[in-house]
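K.L.:
Got query-v6.cif for you, mmCIF, C-alpha atoms and all ligand atoms:
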```cif
data_input
loop_
_atom_site.label_atom_id
_atom_site.label_comp_id
_atom_site.auth_asym_id
_atom_site.auth_seq_id
_atom_site.Cartn_x
_atom_site.Cartn_y
_atom_site.Cartn_z
CA MET A 27 162.03 96.77 107.73
CA ALA A 28 158.70 97.35 106.04
CA SER A 29 156.82 95.95 109.00
CA ARG A 30 158.79 98.14 111.39
CA LEU A 31 157.92 101.17 109.32
CA LEU A 32 154.28 100.16 109.34
CA ALA A 33 154.33 99.74 113.10
CA LEU A 34 155.91 103.16 113.45
CA ALA A 35 153.28 104.70 111.16
CA ALA A 36 150.52 103.08 113.21
CA THR A 37 151.98 104.46 116.44
CA LEU A 38 152.14 107.92 114.89
CA ILE A 39 148.53 107.74 113.75
CA VAL A 40 147.34 106.70 117.20
CA ALA A 41 149.45 109.48 118.76
CA ALA A 42 147.96 112.02 116.36
CA THR A 43 144.41 110.88 117.07
CA THR A 44 145.02 110.95 120.79
CA ALA A 45 146.38 114.48 120.53
CA ASN A 46 143.04 115.59 119.02
CA ALA A 47 141.05 113.31 121.25
CA ALA A 48 138.15 115.02 122.94
CA GLU A 49 136.45 114.06 126.17
CA LEU A 50 132.80 114.28 125.26
CA SER A 51 129.63 113.75 127.21
CA ILE A 52 126.12 112.89 126.09
CA ALA A 53 122.87 113.23 128.05
CA ILE A 54 120.15 110.62 127.59
CA GLY A 55 117.00 109.65 129.52
CA ASP A 56 117.40 106.61 131.74
CA THR A 57 114.42 104.61 130.46
CA GLY A 58 114.61 100.83 130.18
CA LYS A 59 118.00 99.84 128.81
CA ALA A 60 118.70 103.12 127.01
CA VAL A 61 121.79 103.99 129.04
CA ALA A 62 123.33 100.50 128.85
CA VAL A 63 122.78 100.25 125.09
CA MET A 64 124.19 103.76 124.63
CA ARG A 65 127.28 102.78 126.62
CA ARG A 66 127.98 99.84 124.30
CA GLN A 67 127.57 102.10 121.26
CA LEU A 68 129.91 104.65 122.79
CA ASP A 69 132.54 101.97 123.41
CA ALA A 70 132.46 101.24 119.67
CA PHE A 71 132.68 104.97 118.88
CA GLU A 72 135.61 105.44 121.26
CA LYS A 73 137.53 102.64 119.57
CA ALA A 74 136.89 103.98 116.10
CA SER A 75 137.50 107.67 116.85
CA GLY A 76 140.00 107.88 119.69
CA HIS A 77 137.62 110.19 121.59
CA THR A 78 136.15 109.28 124.95
CA VAL A 79 132.51 109.79 125.86
CA ARG A 80 130.79 109.93 129.23
CA VAL A 81 127.06 109.20 129.55
CA VAL A 82 125.05 111.60 131.68
CA PRO A 83 121.87 109.71 132.63
CA MET A 84 118.77 111.88 132.79
CA PRO A 85 115.48 111.24 134.61
CA SER A 86 113.18 108.94 132.70
CA SER A 87 110.42 111.58 132.78
CA ALA A 88 110.67 113.73 129.64
CA THR A 89 109.34 116.67 131.65
CA GLU A 90 112.10 116.47 134.27
CA GLN A 91 114.68 115.97 131.56
CA PHE A 92 113.49 119.08 129.73
CA ALA A 93 113.80 121.14 132.91
CA ARG A 94 117.46 120.04 133.29
CA TYR A 95 118.30 120.85 129.67
CA LYS A 96 116.71 124.28 130.02
CA LEU A 97 118.83 125.02 133.10
CA TRP A 98 122.05 123.91 131.42
CA LEU A 99 121.33 125.88 128.29
CA ALA A 100 120.36 128.98 130.25
CA ALA A 101 123.71 128.72 132.08
CA GLN A 102 125.53 128.24 128.74
CA ASP A 103 126.94 125.04 130.21
CA SER A 104 129.73 123.44 128.20
CA SER A 105 129.94 120.17 130.11
CA VAL A 106 127.40 118.36 127.92
CA ASP A 107 128.28 118.10 124.22
CA VAL A 108 125.33 116.14 122.87
CA TYR A 109 121.72 116.15 124.04
CA VAL A 110 119.37 113.34 123.17
CA ALA A 111 116.30 115.56 122.80
CA ASP A 112 112.58 114.91 122.50
CA ILE A 113 110.98 115.59 119.09
CA ILE A 114 108.73 118.26 120.65
CA TRP A 115 111.59 120.38 122.02
CA ALA A 116 113.17 121.55 118.77
CA PRO A 117 111.32 124.90 118.49
CA GLN A 118 111.95 125.75 122.13
CA LEU A 119 115.67 124.96 122.15
CA ALA A 120 116.54 125.98 118.59
CA THR A 121 118.40 129.23 119.31
CA GLN A 122 120.79 127.48 121.68
CA LEU A 123 121.74 124.63 119.39
CA LEU A 124 124.24 124.38 116.55
CA ASP A 125 122.98 124.35 112.98
CA LEU A 126 123.70 120.84 111.71
CA THR A 127 122.57 121.47 108.13
CA GLU A 128 126.08 121.53 106.66
CA PRO A 129 127.74 118.84 108.77
CA ALA A 130 124.82 116.42 108.30
CA LYS A 131 124.15 117.08 104.63
CA ASP A 132 125.69 113.79 103.51
CA ILE A 133 123.51 111.67 105.82
CA ILE A 134 120.25 113.54 106.33
CA GLY A 135 118.65 112.28 103.10
CA GLU A 136 118.51 108.75 104.53
CA HIS A 137 116.06 109.78 107.25
CA PHE A 138 112.27 110.18 107.04
CA PRO A 139 111.64 113.71 105.72
CA SER A 140 108.83 114.32 108.24
CA ILE A 141 111.25 113.85 111.15
CA VAL A 142 113.89 116.03 109.54
CA GLU A 143 111.23 118.69 109.00
CA SER A 144 110.21 118.56 112.67
CA GLN A 145 113.82 119.32 113.60
CA THR A 146 114.24 122.14 111.07
CA ILE A 147 113.40 125.46 112.69
CA ASP A 148 113.51 128.59 110.54
CA GLY A 149 115.70 126.79 108.03
CA LYS A 150 118.14 125.50 110.65
CA LEU A 151 118.58 121.77 111.31
CA VAL A 152 118.78 121.72 115.10
CA ALA A 153 118.96 117.95 115.63
CA VAL A 154 119.69 114.79 113.69
CA PRO A 155 117.26 111.83 113.99
CA PHE A 156 118.12 109.21 116.62
CA THR A 157 114.89 107.21 116.96
CA THR A 158 111.21 107.69 116.26
CA ASP A 159 108.42 106.53 118.55
CA ALA A 160 104.79 105.48 118.23
CA PRO A 161 102.91 103.73 121.04
CA ALA A 162 101.20 100.38 121.09
CA LEU A 163 98.43 98.63 122.93
CA TYR A 164 100.18 95.74 124.63
CA TYR A 165 97.98 92.74 125.42
CA ARG A 166 98.39 89.38 127.10
CA LYS A 167 97.75 86.69 124.47
CA ASP A 168 97.59 83.93 127.08
CA LEU A 169 94.87 85.61 129.16
CA LEU A 170 92.75 86.64 126.18
CA LYS A 171 92.94 83.02 124.99
CA LYS A 172 92.14 81.57 128.41
CA TYR A 173 88.98 83.69 128.64
CA LYS A 174 88.16 83.46 124.92
CA ALA A 175 88.24 87.21 124.49
CA ALA A 176 89.15 89.18 121.37
CA VAL A 177 91.76 91.90 121.05
CA PRO A 178 89.74 95.08 121.69
CA LYS A 179 89.13 97.51 118.84
CA THR A 180 87.50 100.29 120.86
CA TRP A 181 88.20 101.81 124.29
CA ASP A 182 84.82 100.55 125.50
CA GLU A 183 85.66 97.01 124.42
CA LEU A 184 88.99 97.33 126.17
CA ALA A 185 87.31 98.44 129.40
CA ALA A 186 84.69 95.67 129.24
CA THR A 187 87.24 92.93 128.52
CA ALA A 188 89.56 94.27 131.19
CA ALA A 189 86.81 94.30 133.82
CA THR A 190 85.64 90.76 133.03
CA ILE A 191 89.05 89.13 132.89
CA MET A 192 90.29 90.97 135.95
CA GLU A 193 87.35 89.78 137.98
CA LYS A 194 87.50 86.17 136.80
CA GLU A 195 91.25 85.92 137.14
CA ARG A 196 91.24 87.38 140.66
CA LYS A 197 88.52 84.93 141.74
CA ALA A 198 90.00 81.84 140.08
CA LYS A 199 91.69 79.40 142.47
CA LYS A 200 95.03 79.57 140.71
CA GLY A 201 94.35 82.99 139.25
CA ASN A 202 96.43 86.13 139.69
CA LYS A 203 94.96 88.10 142.61
CA ASP A 204 97.05 91.13 141.67
CA LEU A 205 95.90 91.41 138.08
CA TRP A 206 94.80 94.82 136.77
CA GLY A 207 93.02 95.40 133.49
CA PHE A 208 94.91 98.35 132.06
CA VAL A 209 97.96 100.44 132.87
CA PHE A 210 99.05 103.64 131.17
CA GLU A 211 100.96 106.86 131.85
CA GLY A 212 98.65 108.85 134.15
CA LYS A 213 101.14 111.00 136.05
CA ASP A 214 101.02 114.79 135.59
CA TYR A 215 103.78 115.13 132.97
CA GLU A 216 104.36 115.02 129.21
CA GLY A 217 103.45 111.33 128.99
CA LEU A 218 99.90 112.15 130.09
CA THR A 219 99.66 114.70 127.29
CA CYS A 220 100.52 111.86 124.88
CA ASN A 221 97.95 109.45 126.36
CA ALA A 222 95.16 112.02 126.60
CA LEU A 223 95.77 113.26 123.05
CA GLU A 224 95.20 109.67 121.90
CA TRP A 225 91.92 109.36 123.83
CA ILE A 226 90.73 112.66 122.38
CA VAL A 227 91.80 112.25 118.75
CA SER A 228 90.40 108.71 118.68
CA ASN A 229 87.11 110.18 119.88
CA GLY A 230 86.96 112.88 117.20
CA GLY A 231 87.79 115.63 119.72
CA GLY A 232 90.60 117.41 117.83
CA ARG A 233 94.25 118.01 118.68
CA ILE A 234 94.14 120.53 121.57
CA VAL A 235 95.47 123.29 119.29
CA GLU A 236 94.92 122.73 115.57
CA THR A 237 97.63 123.29 112.96
CA ASP A 238 96.04 126.65 112.04
CA GLY A 239 96.45 127.79 115.64
CA THR A 240 92.81 127.40 116.73
CA ILE A 241 92.35 126.30 120.33
CA SER A 242 89.93 123.40 119.89
CA ILE A 243 90.16 121.54 123.20
CA ASP A 244 86.90 122.79 124.73
CA ASN A 245 84.48 120.40 122.99
CA ASP A 246 82.09 117.61 123.99
CA LYS A 247 83.97 114.79 122.29
CA ALA A 248 87.20 115.71 124.04
CA ALA A 249 85.39 115.94 127.37
CA ALA A 250 83.69 112.57 126.81
CA ALA A 251 87.07 110.96 126.03
CA ILE A 252 88.58 112.21 129.30
CA ASP A 253 85.51 111.27 131.31
CA ARG A 254 85.77 107.79 129.86
CA ALA A 255 89.38 107.56 131.01
CA LYS A 256 88.38 108.83 134.45
CA GLY A 257 86.12 105.80 134.69
CA TRP A 258 89.15 103.49 134.38
CA VAL A 259 90.99 104.88 137.41
CA GLY A 260 90.46 102.62 140.42
CA THR A 261 88.33 100.17 138.42
CA ILE A 262 90.35 98.53 135.63
CA ALA A 263 93.46 100.58 136.38
CA PRO A 264 95.09 100.81 139.82
CA PRO A 265 94.46 104.10 141.65
CA GLU A 266 98.25 104.64 141.56
CA VAL A 267 98.06 104.96 137.77
CA LEU A 268 97.82 108.70 138.51
CA THR A 269 101.50 108.52 139.49
CA PHE A 270 102.67 106.26 136.69
CA GLY A 271 105.17 107.22 134.01
CA GLU A 272 106.34 104.75 131.36
CA GLU A 273 108.56 102.81 133.73
CA GLU A 274 105.97 102.47 136.51
CA ALA A 275 103.37 101.20 134.03
CA ARG A 276 105.91 98.78 132.59
CA ALA A 277 106.83 97.50 136.07
CA VAL A 278 103.23 96.37 136.72
CA TRP A 279 102.93 94.93 133.22
CA GLN A 280 106.25 93.13 133.22
CA GLN A 281 105.55 91.49 136.57
CA GLY A 282 102.56 89.94 134.84
CA ASN A 283 100.03 92.11 136.68
CA ALA A 284 98.27 93.85 133.80
CA LEU A 285 96.13 92.54 130.95
CA PHE A 286 96.61 95.64 128.76
CA MET A 287 99.19 98.39 128.71
CA ARG A 288 99.66 101.56 126.65
CA ASN A 289 103.35 102.14 126.17
CA TRP A 290 106.10 102.82 123.62
CA PRO A 291 107.98 100.10 121.72
CA TYR A 292 110.94 100.00 124.13
CA ALA A 293 108.76 97.89 126.44
CA TYR A 294 108.52 95.21 123.74
CA ALA A 295 112.20 94.33 123.89
CA LEU A 296 112.24 94.35 127.69
CA GLY A 297 109.07 92.27 127.96
CA ASN A 298 110.65 89.49 125.94
CA GLU A 299 113.94 89.45 127.82
CA GLU A 300 115.14 86.47 129.76
CA GLY A 301 113.65 86.46 133.22
CA SER A 302 110.60 88.53 132.21
CA ALA A 303 107.38 87.01 133.61
CA ILE A 304 105.54 87.72 130.37
CA ALA A 305 108.15 86.77 127.75
CA GLU A 306 106.41 85.31 124.66
CA LYS A 307 103.01 85.78 126.34
CA PHE A 308 102.13 89.13 124.80
CA ASP A 309 101.72 90.95 121.53
CA VAL A 310 101.02 94.52 120.42
CA THR A 311 98.38 96.17 118.28
CA THR A 312 97.32 99.72 117.49
CA LEU A 313 95.54 101.74 120.16
CA PRO A 314 91.72 101.48 120.27
CA LEU A 315 89.15 103.72 118.65
CA GLY A 316 86.92 106.03 120.68
CA SER A 317 83.83 106.63 118.63
CA GLU A 318 82.64 107.01 115.09
CA GLY A 319 84.21 110.13 113.71
CA GLY A 320 87.39 109.37 115.57
CA LYS A 321 90.50 107.81 114.10
CA PRO A 322 92.80 105.28 115.67
CA ALA A 323 95.39 107.57 117.13
CA ALA A 324 98.97 107.18 118.25
CA THR A 325 100.89 110.21 119.47
CA LEU A 326 104.10 110.79 117.57
CA GLY A 327 107.14 110.59 119.81
CA GLY A 328 110.84 110.32 119.16
CA TRP A 329 114.31 111.51 120.06
CA ASN A 330 116.99 113.38 118.16
CA LEU A 331 120.62 114.36 118.64
CA ALA A 332 121.40 118.02 119.27
CA ILE A 333 124.63 119.87 120.02
CA PRO A 334 124.54 122.93 122.27
CA LYS A 335 126.28 126.06 120.98
CA TYR A 336 128.38 126.04 124.13
CA THR A 337 130.28 122.83 123.39
CA ARG A 338 134.06 123.12 123.22
CA HIS A 339 134.28 120.05 120.99
CA ALA A 340 131.94 120.73 118.10
CA GLU A 341 133.85 118.63 115.58
CA ALA A 342 134.05 115.55 117.78
CA ALA A 343 130.42 116.02 118.86
CA ILE A 344 129.34 116.10 115.21
CA ALA A 345 131.25 112.86 114.58
CA LEU A 346 129.45 111.27 117.53
CA VAL A 347 126.03 112.45 116.37
CA LYS A 348 126.60 111.08 112.87
CA PHE A 349 127.84 107.79 114.26
CA LEU A 350 124.75 107.37 116.49
CA ALA A 351 122.38 108.37 113.68
CA SER A 352 123.89 105.89 111.21
CA ALA A 353 121.92 102.93 109.88
CA GLU A 354 124.39 100.56 111.51
CA GLN A 355 123.87 101.99 115.02
CA GLN A 356 120.10 102.40 114.53
CA LYS A 357 120.02 98.71 113.75
CA VAL A 358 121.86 97.93 116.98
CA ARG A 359 119.24 99.91 118.91
CA ALA A 360 116.37 98.30 117.01
CA LEU A 361 117.69 94.83 117.84
CA GLU A 362 118.59 95.52 121.45
CA SER A 363 115.91 97.90 122.63
CA ALA A 364 113.21 97.86 119.94
CA ALA A 365 113.95 101.53 119.16
CA LEU A 366 112.11 102.46 115.96
CA PRO A 367 114.59 103.53 113.25
CA THR A 368 114.37 106.86 111.45
CA ILE A 369 115.71 105.23 108.26
CA ARG A 370 113.08 103.58 106.08
CA ALA A 371 115.24 100.72 104.76
CA LEU A 372 115.60 99.28 108.26
CA TYR A 373 111.88 98.44 108.41
CA LYS A 374 112.62 95.82 105.76
CA ASP A 375 115.71 94.44 107.47
CA PRO A 376 115.19 90.66 107.93
CA GLU A 377 117.22 90.46 111.13
CA ILE A 378 115.25 93.27 112.75
CA ALA A 379 111.96 91.71 111.62
CA ALA A 380 112.99 88.36 113.13
CA THR A 381 114.05 89.84 116.47
CA GLN A 382 111.27 92.46 116.78
CA PRO A 383 108.39 90.99 114.74
CA PHE A 384 106.11 94.01 115.37
CA MET A 385 108.53 96.43 113.78
CA PRO A 386 107.76 96.11 110.06
CA ARG A 387 104.09 96.82 110.94
CA TRP A 388 105.08 99.88 112.95
CA GLU A 389 106.35 101.89 110.01
CA GLY A 390 102.69 102.61 109.15
CA VAL A 391 101.73 103.36 112.75
CA PHE A 392 104.57 105.85 113.01
CA THR A 393 103.84 107.54 109.68
CA ASP A 394 100.16 107.99 110.64
CA ALA A 395 100.98 109.15 114.15
CA VAL A 396 99.53 112.41 115.44
CA PRO A 397 102.02 115.14 116.31
CA ARG A 398 101.51 117.15 119.46
CA PRO A 399 100.96 120.87 118.76
CA SER A 400 104.61 121.78 119.33
CA ALA A 401 105.26 123.10 115.82
CA THR A 402 102.17 125.33 116.08
CA THR A 403 102.65 126.67 119.60
CA ARG A 404 106.45 126.92 119.20
CA LEU A 405 108.07 128.56 122.23
CA LYS A 406 104.88 128.16 124.24
CA TYR A 407 104.48 124.40 123.80
CA ASN A 408 105.72 123.46 127.25
CA GLU A 409 103.23 125.83 128.88
CA VAL A 410 100.44 124.56 126.65
CA SER A 411 101.22 120.95 127.43
CA THR A 412 101.60 121.63 131.16
CA SER A 413 98.19 123.31 131.27
CA PHE A 414 96.68 120.46 129.28
CA TRP A 415 98.06 117.59 131.35
CA THR A 416 97.15 119.47 134.56
CA ALA A 417 93.52 119.79 133.45
CA VAL A 418 93.43 116.11 132.46
CA HIS A 419 95.12 114.97 135.66
CA LYS A 420 92.66 116.97 137.78
CA THR A 421 89.77 115.32 135.96
CA LEU A 422 91.20 111.83 136.37
CA ALA A 423 91.68 112.52 140.08
CA GLY A 424 88.02 113.52 140.44
CA ASP A 425 88.70 117.24 140.86
CA GLY A 426 86.05 118.75 138.57
CA THR A 427 84.34 117.40 135.46
CA ALA A 428 86.10 117.16 132.13
CA ALA A 429 83.72 119.76 130.67
CA ALA A 430 84.46 122.31 133.41
CA ASN A 431 88.20 121.66 133.38
CA LEU A 432 88.45 121.90 129.60
CA ALA A 433 86.47 125.15 129.57
CA ALA A 434 88.94 126.58 132.11
CA LEU A 435 91.81 125.20 130.04
CA LYS A 436 90.57 127.04 126.99
CA GLY A 437 90.81 130.29 128.95
CA GLN A 438 94.35 129.46 130.07
CA LEU A 439 95.49 128.55 126.56
CA THR A 440 93.99 131.73 125.18
CA ALA A 441 95.98 133.74 127.73
CA ILE A 442 99.16 131.78 126.93
CA ARG A 443 98.68 132.43 123.23
CA GLY A 444 98.15 136.14 123.60
CA ALA A 445 97.99 137.82 120.21
CA ALA A 446 99.56 134.90 118.36
CA TRP A 447 101.43 131.66 118.98
C1 LIG B 1 108.42 108.97 124.73
C2 LIG B 1 108.33 109.73 123.41
C3 LIG B 1 108.50 111.20 123.65
C4 LIG B 1 107.49 111.66 124.68
C5 LIG B 1 107.64 110.89 125.97
C6 LIG B 1 106.55 111.27 126.97
O1 LIG B 1 109.72 108.98 125.22
O2 LIG B 1 109.29 109.27 122.51
O3 LIG B 1 108.35 111.91 122.45
O4 LIG B 1 107.55 113.04 124.92
O5 LIG B 1 107.56 109.51 125.72
O6 LIG B 1 106.66 110.60 128.15
#
```
Reformat the file's structure so that it appears as structure tokens.
P.N.:
Amino acid sequence: MASRLLALAATLIVAATTANAAELSIAIGDTGKAVAVMRRQLDAFEKASGHTVRVVPMPSSATEQFARYKLWLAAQDSSVDVYVADIIWAPQLATQLLDLTEPAKDIIGEHFPSIVESQTIDGKLVAVPFTTDAPALYYRKDLLKKYKAAVPKTWDELAATAATIMEKERKAKKGNKDLWGFVFEGKDYEGLTCNALEWIVSNGGGRIVETDGTISIDNDKAAAAIDRAKGWVGTIAPPEVLTFGEEEARAVWQQGNALFMRNWPYAYALGNEEGSAIAEKFDVTTLPLGSEGGKPAATLGGWNLAIPKYTRHAEAAIALVKFLASAEQQKVRALESAALPTIRALYKDPEIAATQPFMPRWEGVFTDAVPRPSATTRLKYNEVSTSFWTAVHKTLAGDGTAAANLAALKGQLTAIRGAAW
């Protein structure tokens, strides 16, 4: 009798949950294994909550993804309930997102305050942390050992080592004829802003727009940093690097055809997967230094979970966001895709450290990382970044010197700023 009652109660509970069950959807960039890992997490959420969730894969380019989100939000679209959103977008999307301060107040204290602050716009928490991001210099241990070369500490050392090993390896009888020295994100999009900011900050050339609003980009050290990078294109880096985003750079690297790569941590997990040509053959270190007066610089990246005002399932969407932000699910992503957690305790997790040995070291890299000027330039950040990466891309492609292009950029940024940011 008791067991029949229990069974009846269980049926009623399931029926009740199903009655409130929402059909949600979540948009996420299709980079590496992000969509597949998300799907597995959603399966777990569906089981626990009774809701169903559809994944809407977005282009891997952050710039293209941003354009889609802007269109949906402008149309007050209600078909996407949760956006996985880049750390730099918060000020630009804030007015169209729900305030998560109240619903997230029991979990937000677990996350790094700096990330929470970046997602708090005029007192409103517009997104809950999903993952943080800080790039690495990937290098091939086997090739550096074979040619008795050290891990480079400066960009000039990197270029010299890359040139030597590339030449020797291409000439060697059993060498790799397709080896390049260095791959990075050189396409005209947000990823180039990240790379170029690193070249410039590490050369003492400022942060494009400083935190007090000053436009600082038109200076000799910044120009020298971009000219230096121009020298890599077609020499140590393939000419096609000017069309590379993260995934194109990773493709060359993971086929075993690059000595060095600048990329985000997601490439670490993929590089060590079964079937990868470079599994166990590589390691990561911090990005090189430009000159004295510069600092080793990593651009701060990361992704957060936002809910558009136009959702018809706010309650279920909030449950999903809190589930994905939880320590348990961040650990799943750290183990499976080397996604950097936004919860400090996980950097000391022994299982994560064993599976992704670089990760405990990366807490420091992430906390020292340089933010792009999105908090300063607020609604104008996308225009600022577009003008910046365009000037850099032109220079890399040989269309004008860095000095001339940065001087023109200063004029453009001044016009974009107008009276104030
Ligand atoms: C990474 C970063 C993100 C950045 C993007 C640029 O995904 O996490 O913040 O905007 O790369 O390509």
K.L.:
Please, what distance in Å, to one decimal, runs between atom CA of Ala111 of chain A and atom CA of Leu439 of chain A?
P.N.:
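Answer for the atom CA of Ala111 of chain A to atom CA of Leu439 of chain A separation: 24.8 Å.
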K.L.:
With all atoms listed in the file counted and 7 Å as the cut-off, give the residues of chain A in contact with ligand LIG 1 (chain B), each with its shortest interatomic distance in Å and the pair that gives it, as JSON lines.
P.N.:
```
{"residue": "A:Ser87", "atom": "CA", "partner": "B:LIG1", "partner_atom": "O6", "distance": 6.0}
{"residue": "A:Ala88", "atom": "CA", "partner": "B:LIG1", "partner_atom": "O6", "distance": 5.3}
{"residue": "A:Asp112", "atom": "CA", "partner": "B:LIG1", "partner_atom": "O3", "distance": 5.2}
{"residue": "A:Ile113", "atom": "CA", "partner": "B:LIG1", "partner_atom": "O3", "distance": 5.6}
{"residue": "A:Ile114", "atom": "CA", "partner": "B:LIG1", "partner_atom": "O3", "distance": 6.6}
{"residue": "A:Thr158", "atom": "CA", "partner": "B:LIG1", "partner_atom": "O2", "distance": 6.7}
{"residue": "A:Asp159", "atom": "CA", "partner": "B:LIG1", "partner_atom": "O2", "distance": 4.9}
{"residue": "A:Glu216", "atom": "CA", "partner": "B:LIG1", "partner_atom": "C6", "distance": 4.9}
{"residue": "A:Gly217", "atom": "CA", "partner": "B:LIG1", "partner_atom": "O6", "distance": 3.4}
{"residue": "A:Cys220", "atom": "CA", "partner": "B:LIG1", "partner_atom": "C6", "distance": 6.4}
{"residue": "A:Gly271", "atom": "CA", "partner": "B:LIG1", "partner_atom": "O6", "distance": 6.9}
{"residue": "A:Glu272", "atom": "CA", "partner": "B:LIG1", "partner_atom": "O6", "distance": 6.7}
{"residue": "A:Trp290", "atom": "CA", "partner": "B:LIG1", "partner_atom": "C1", "distance": 6.7}
{"residue": "A:Leu326", "atom": "CA", "partner": "B:LIG1", "partner_atom": "O3", "distance": 6.6}
{"residue": "A:Gly327", "atom": "CA", "partner": "B:LIG1", "partner_atom": "O3", "distance": 3.2}
{"residue": "A:Gly328", "atom": "CA", "partner": "B:LIG1", "partner_atom": "O2", "distance": 3.8}
{"residue": "A:Trp329", "atom": "CA", "partner": "B:LIG1", "partner_atom": "O2", "distance": 6.0}
```
K.L.:
Between A:Ala248, A:Ala293, A:Val396, A:Leu313, which residue has the minimum interatomic distance to Ala428 of chain A, considering only C-alpha atoms?
P.N.:
A:Ala248
K.L.:
Write out as a tab-separated table the residues of segment 336-416 of chain A that have any atom within 12 Å of an atom of segment 79-82 of chain A, one row each with the nearest atom pair and its distance in Å to one decimal, counting all atoms listed in the file, sorted by chain and then rising number.
P.N.:
```
residue	atom	partner	partner_atom	distance
A:His339	CA	A:Val79	CA	11.5
A:Ala342	CA	A:Val79	CA	10.0
A:Ala343	CA	A:Val79	CA	9.6
A:Ala345	CA	A:Val79	CA	11.8
A:Leu346	CA	A:Val79	CA	9.0
A:Val347	CA	A:Val79	CA	11.8
```
K.L.:
Just the number, please: distance in Å from atom CA of Glu389 of chain A to atom CA of Leu366 of chain A, one decimal.
P.N.:
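Here the two named atoms are 8.3 Å from each other.
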K.L.:
With 12 Å as the threshold, what does the neighbourhood of (97.2, 125.0, 116.1) contain in terms of residues, counting only C-alpha atoms? Coordinates are those of the file; answer as a ChimeraX atom specification.
P.N.:
/A:232-243,397-404,406-407,410,439-440,443,446-447
K.L.:
Please produce a file of those selected residues containing C-alpha atoms, as a PDB file, keeping the file's coordinate frame.
P.N.:
```
ATOM      1  CA  GLY A 232      90.600 117.410 117.830  1.00  0.00           C
ATOM      2  CA  ARG A 233      94.250 118.010 118.680  1.00  0.00           C
ATOM      3  CA  ILE A 234      94.140 120.530 121.570  1.00  0.00           C
ATOM      4  CA  VAL A 235      95.470 123.290 119.290  1.00  0.00           C
ATOM      5  CA  GLU A 236      94.920 122.730 115.570  1.00  0.00           C
ATOM      6  CA  THR A 237      97.630 123.290 112.960  1.00  0.00           C
ATOM      7  CA  ASP A 238      96.040 126.650 112.040  1.00  0.00           C
ATOM      8  CA  GLY A 239      96.450 127.790 115.640  1.00  0.00           C
ATOM      9  CA  THR A 240      92.810 127.400 116.730  1.00  0.00           C
ATOM     10  CA  ILE A 241      92.350 126.300 120.330  1.00  0.00           C
ATOM     11  CA  SER A 242      89.930 123.400 119.890  1.00  0.00           C
ATOM     12  CA  ILE A 243      90.160 121.540 123.200  1.00  0.00           C
ATOM     13  CA  PRO A 397     102.020 115.140 116.310  1.00  0.00           C
ATOM     14  CA  ARG A 398     101.510 117.150 119.460  1.00  0.00           C
ATOM     15  CA  PRO A 399     100.960 120.870 118.760  1.00  0.00           C
ATOM     16  CA  SER A 400     104.610 121.780 119.330  1.00  0.00           C
ATOM     17  CA  ALA A 401     105.260 123.100 115.820  1.00  0.00           C
ATOM     18  CA  THR A 402     102.170 125.330 116.080  1.00  0.00           C
ATOM     19  CA  THR A 403     102.650 126.670 119.600  1.00  0.00           C
ATOM     20  CA  ARG A 404     106.450 126.920 119.200  1.00  0.00           C
ATOM     21  CA  LYS A 406     104.880 128.160 124.240  1.00  0.00           C
ATOM     22  CA  TYR A 407     104.480 124.400 123.800  1.00  0.00           C
ATOM     23  CA  VAL A 410     100.440 124.560 126.650  1.00  0.00           C
ATOM     24  CA  LEU A 439      95.490 128.550 126.560  1.00  0.00           C
ATOM     25  CA  THR A 440      93.990 131.730 125.180  1.00  0.00           C
ATOM     26  CA  ARG A 443      98.680 132.430 123.230  1.00  0.00           C
ATOM     27  CA  ALA A 446      99.560 134.900 118.360  1.00  0.00           C
ATOM     28  CA  TRP A 447     101.430 131.660 118.980  1.00  0.00           C
TER      29      TRP A 447
END
```
K.L.:
Counting only C-alpha atoms, which of A:Gln281, A:Phe349, A:Arg94, A:Thr381 gets nearest to Glu72 of chain A?
P.N.:
A:Phe349
K.L.:
Nearest to Thr146 of chain A: which of A:Asn330, A:His77, A:Thr261, A:Phe286 is it, counting only C-alpha atoms?
P.N.:
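Ranked by minimum distance to Thr146 of chain A, first place goes to A:Asn330.
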K.L.:
Might you pull out every residue within 8 Å of Leu372 of chain A, with only C-alpha atoms counted and same-chain residues fewer than 5 positions away left off, and present them as a VMD selection string?
P.N.:
chain A and resid 353 357 367 378
K.L.:
Mind pulling up the distance from atom CA of Thr157 of chain A to atom CA of Asp56 of chain A?
P.N.:
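Computed distance, atom CA of Asp56 of chain A to atom CA of Thr157 of chain A, equals 15.0 Å.
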K.L.:
Under the rule that all atoms listed in the file are counted, which of A:Ile442, A:Pro264, A:Asn289, A:Ile147 is the nearest residue to Gln118 of chain A?
P.N.:
A:Ile147
K.L.:
For Ala188 of chain A, please output as number ranges by chain all residues within 8 Å (counting all atoms listed in the file; exclusion window: fewer than 6 positions along the same chain).
P.N.:
A: 206-208, 262, 285-286
K.L.:
Residues within 10 Å of Ala251 of chain A, please, as a VMD selection string. Count all atoms listed in the file; anything in the same chain fewer than 4 positions from it doesn't count.
P.N.:
chain A and resid 181 222 to 231 246 to 247 255 to 256 316 to 317 428
K.L.:
Using all atoms listed in the file, what residues lie at most 10 Å away from (87.5, 114.6, 135.5) (file coordinates), given as a ChimeraX atom specification?
P.N.:
/A:249-250,252-257,417-432
K.L.:
Just want the 10 Å neighbourhood of Leu163 of chain A, counted on only C-alpha atoms, with same-chain residues fewer than 5 positions away dropped. Output as an NGL selection string.
P.N.:
:A and (177-178 or 208 or 210 or 286-291 or 309-314 or 324)
